[in-house]
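**Q** One structure coming up, written as structure tokens, with questions to follow.
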Amino acid sequence: MPHVVLNGNVNLDDIFNKFKGVLIRNEQGILKTDNVYMSRDKTAILIESLAIEKGVKNSFLALISQRNDGVVVRIYPGIEVEKTSGVKNILSEIAKQLLAVFPQLTIGETNLSEYLR
């Protein structure tokens, strides 16, 4: 499952309030996020996401969840979605935005290194 762990101390409330979304349009297609939701216990954020590549749509929920050592960005468990380049790009763009906004975060364990450049 594609994921990025971001190590460091960050409050999910701050992430929720500062997240600007993703919108990328290019010759490969459209990558975008829409509505953002936070769990009542403030330990998880769900982001409606859409990757359109070569006319094929992949809708999924991206998840930012709290961990002891930081947060993890991944696909919400239980959702079946093809792990295309576009889906992986959305997850990495979310992670890159968090790294830019919260300089105390660093990249930890990930299988999306090539997308984080």
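Here's how to read the names in the structure tokens: chain A, B, ... by the order shown, residue numbers from 1 in each chain, ligand numbers from 1 in the order shown.
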Counting only C-alpha atoms, what is within 9 Å of Ile64 of chain A, bar same-chain residues fewer than 4 positions away, as an mmCIF file with C-alpha atoms, in the first residue's frame?

**A**
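Final file, result-v2.cif:
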data_model
loop_
_atom_site.group_PDB
_atom_site.id
_atom_site.type_symbol
_atom_site.label_atom_id
_atom_site.label_comp_id
_atom_site.auth_asym_id
_atom_site.auth_seq_id
_atom_site.Cartn_x
_atom_site.Cartn_y
_atom_site.Cartn_z
ATOM 1 C CA LEU A 12 -3.749 17.284 13.214
ATOM 2 C CA THR A 43 -6.533 11.569 15.157
ATOM 3 C CA ALA A 44 -7.377 11.204 11.458
ATOM 4 C CA ILE A 45 -8.113 13.361 8.420
ATOM 5 C CA LEU A 46 -9.877 12.050 5.296
ATOM 6 C CA ILE A 47 -9.394 13.798 1.961
ATOM 7 C CA VAL A 71 1.746 11.188 10.856
ATOM 8 C CA VAL A 72 1.250 8.826 7.935
ATOM 9 C CA VAL A 73 -0.283 9.693 4.554
ATOM 10 C CA ARG A 74 -1.880 6.726 2.784
ATOM 11 C CA ILE A 75 -5.016 5.386 1.104
ATOM 12 C CA TYR A 76 -7.885 4.839 3.534
#

**Q** At a cut-off of 10 Å, using only C-alpha atoms, what residues contact Pro103 of chain A? Leave out same-chain residues fewer than 3 positions from it and give the result as a list in words.

**A**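 The residues that qualify are Gly8, Val10, Leu98, Leu99, Ala100 and Thr106 of chain A.
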
**Q** Select, from A:Ile94, A:Phe16, A:Gly108, A:Lys88, the residue with the minimum atom-to-atom distance to Tyr37 of chain A, counting only C-alpha atoms.

**A** A:Phe16

**Q** Could you go through segment 7-117 of chain A and tell me which residues DSSP, when run on the backbone, assigns to helix (DSSP H, G or I), listing them as JSON, numbers by chain?

**A** {"A": [12, 13, 14, 15, 16, 17, 18, 85, 86, 87, 88, 89, 90, 91, 92, 93, 94, 95, 96, 97, 98, 99, 100, 101, 113, 114, 115]}

**Q** Kindly save the residues from that selection, with N, CA and C atoms included, as a JSON list (two decimals), in the first residue's frame.

**A**
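part_22.json written:
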[["chain", "number", "residue", "atom", "x", "y", "z"],
["A", 12, "LEU", "N", -2.85, 17.50, 14.34],
["A", 12, "LEU", "CA", -3.75, 17.28, 13.21],
["A", 12, "LEU", "C", -4.73, 18.44, 13.00],
["A", 13, "ASP", "N", -5.07, 19.13, 14.07],
["A", 13, "ASP", "CA", -5.91, 20.33, 13.95],
["A", 13, "ASP", "C", -5.23, 21.35, 13.05],
["A", 14, "ASP", "N", -3.93, 21.54, 13.23],
["A", 14, "ASP", "CA", -3.16, 22.48, 12.41],
["A", 14, "ASP", "C", -3.12, 22.02, 10.95],
["A", 15, "ILE", "N", -2.91, 20.72, 10.74],
["A", 15, "ILE", "CA", -2.91, 20.20, 9.38],
["A", 15, "ILE", "C", -4.26, 20.44, 8.72],
["A", 16, "PHE", "N", -5.32, 20.13, 9.44],
["A", 16, "PHE", "CA", -6.68, 20.31, 8.91],
["A", 16, "PHE", "C", -6.91, 21.77, 8.50],
["A", 17, "ASN", "N", -6.49, 22.70, 9.33],
["A", 17, "ASN", "CA", -6.72, 24.12, 9.06],
["A", 17, "ASN", "C", -5.82, 24.70, 7.97],
["A", 18, "LYS", "N", -4.65, 24.12, 7.77],
["A", 18, "LYS", "CA", -3.69, 24.69, 6.81],
["A", 18, "LYS", "C", -3.61, 23.95, 5.49],
["A", 85, "SER", "N", 0.00, 5.80, -11.02],
["A", 85, "SER", "CA", 0.92, 6.93, -10.80],
["A", 85, "SER", "C", 0.18, 8.13, -10.24],
["A", 86, "GLY", "N", -1.01, 8.38, -10.76],
["A", 86, "GLY", "CA", -1.79, 9.52, -10.29],
["A", 86, "GLY", "C", -2.17, 9.40, -8.83],
["A", 87, "VAL", "N", -2.59, 8.23, -8.42],
["A", 87, "VAL", "CA", -2.95, 8.00, -7.01],
["A", 87, "VAL", "C", -1.73, 8.21, -6.13],
["A", 88, "LYS", "N", -0.60, 7.66, -6.54],
["A", 88, "LYS", "CA", 0.64, 7.83, -5.77],
["A", 88, "LYS", "C", 1.08, 9.29, -5.75],
["A", 89, "ASN", "N", 0.89, 9.98, -6.87],
["A", 89, "ASN", "CA", 1.25, 11.41, -6.93],
["A", 89, "ASN", "C", 0.41, 12.24, -5.98],
["A", 90, "ILE", "N", -0.88, 11.95, -5.87],
["A", 90, "ILE", "CA", -1.72, 12.70, -4.94],
["A", 90, "ILE", "C", -1.21, 12.52, -3.51],
["A", 91, "LEU", "N", -0.92, 11.28, -3.12],
["A", 91, "LEU", "CA", -0.42, 11.03, -1.77],
["A", 91, "LEU", "C", 0.90, 11.76, -1.54],
["A", 92, "SER", "N", 1.78, 11.73, -2.53],
["A", 92, "SER", "CA", 3.07, 12.41, -2.36],
["A", 92, "SER", "C", 2.91, 13.93, -2.35],
["A", 93, "GLU", "N", 1.98, 14.46, -3.12],
["A", 93, "GLU", "CA", 1.74, 15.92, -3.10],
["A", 93, "GLU", "C", 1.19, 16.37, -1.75],
["A", 94, "ILE", "N", 0.33, 15.55, -1.15],
["A", 94, "ILE", "CA", -0.16, 15.85, 0.20],
["A", 94, "ILE", "C", 1.02, 15.88, 1.17],
["A", 95, "ALA", "N", 1.88, 14.88, 1.09],
["A", 95, "ALA", "CA", 3.05, 14.82, 1.97],
["A", 95, "ALA", "C", 3.98, 16.01, 1.74],
["A", 96, "LYS", "N", 4.22, 16.37, 0.48],
["A", 96, "LYS", "CA", 5.11, 17.50, 0.17],
["A", 96, "LYS", "C", 4.53, 18.81, 0.72],
["A", 97, "GLN", "N", 3.21, 18.95, 0.64],
["A", 97, "GLN", "CA", 2.59, 20.15, 1.19],
["A", 97, "GLN", "C", 2.79, 20.22, 2.70],
["A", 98, "LEU", "N", 2.63, 19.09, 3.38],
["A", 98, "LEU", "CA", 2.83, 19.06, 4.83],
["A", 98, "LEU", "C", 4.28, 19.37, 5.18],
["A", 99, "LEU", "N", 5.22, 18.85, 4.41],
["A", 99, "LEU", "CA", 6.64, 19.13, 4.65],
["A", 99, "LEU", "C", 6.95, 20.62, 4.47],
["A", 100, "ALA", "N", 6.30, 21.26, 3.50],
["A", 100, "ALA", "CA", 6.53, 22.68, 3.24],
["A", 100, "ALA", "C", 5.93, 23.56, 4.34],
["A", 101, "VAL", "N", 4.77, 23.19, 4.83],
["A", 101, "VAL", "CA", 4.05, 24.00, 5.83],
["A", 101, "VAL", "C", 4.58, 23.75, 7.25],
["A", 113, "SER", "N", 9.26, 7.18, -2.50],
["A", 113, "SER", "CA", 10.45, 8.05, -2.61],
["A", 113, "SER", "C", 10.58, 8.71, -3.98],
["A", 114, "GLU", "N", 10.33, 7.95, -5.04],
["A", 114, "GLU", "CA", 10.49, 8.49, -6.39],
["A", 114, "GLU", "C", 9.48, 9.60, -6.69],
["A", 115, "TYR", "N", 8.37, 9.63, -5.98],
["A", 115, "TYR", "CA", 7.35, 10.66, -6.19],
["A", 115, "TYR", "C", 7.57, 11.89, -5.31]]

**Q** For Ile107 of chain A, find every residue with an atom within 7 Å (counting only C-alpha atoms), except residues of its own chain fewer than 5 positions away, and show them as a PyMOL selection string.

**A** chain A and resi 5-7

**Q** Mind dumping the selected residues with C-alpha atoms as a PDB file, in the first residue's frame?

**A**
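The result, written out as out_20.pdb:
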ATOM      1  CA  VAL A   5       5.470   8.520   7.152  1.00  0.00           C
ATOM      2  CA  LEU A   6       6.332  12.039   8.264  1.00  0.00           C
ATOM      3  CA  ASN A   7       8.274  12.074  11.515  1.00  0.00           C
TER       4      ASN A   7
END

**Q** Mind checking which residues fall within 7 Å of segment 53-57 of chain A, counting only C-alpha atoms, ignoring those fewer than 3 positions away in the same chain, and posting them as a VMD selection string?

**A** chain A and resid 28 to 30 50 86

**Q** What does the file look like for those residues with N, CA and C atoms, as a compact mmCIF listing (two decimals), in the first residue's frame?

**A**
# COMPACT_ATOMS: atom_id res chain seq x y z
N GLN A 28 -0.87 14.29 -18.72
CA GLN A 28 -1.21 12.95 -18.23
C GLN A 28 -2.63 12.88 -17.68
N GLY A 29 -3.18 14.03 -17.26
CA GLY A 29 -4.54 14.01 -16.70
C GLY A 29 -4.74 15.07 -15.64
N ILE A 30 -5.63 14.76 -14.70
CA ILE A 30 -5.98 15.68 -13.61
C ILE A 30 -5.86 14.95 -12.29
N LEU A 50 -9.24 12.48 -6.36
CA LEU A 50 -9.59 12.01 -7.69
C LEU A 50 -8.37 12.10 -8.60
N GLY A 86 -1.01 8.38 -10.76
CA GLY A 86 -1.79 9.52 -10.29
C GLY A 86 -2.17 9.40 -8.83
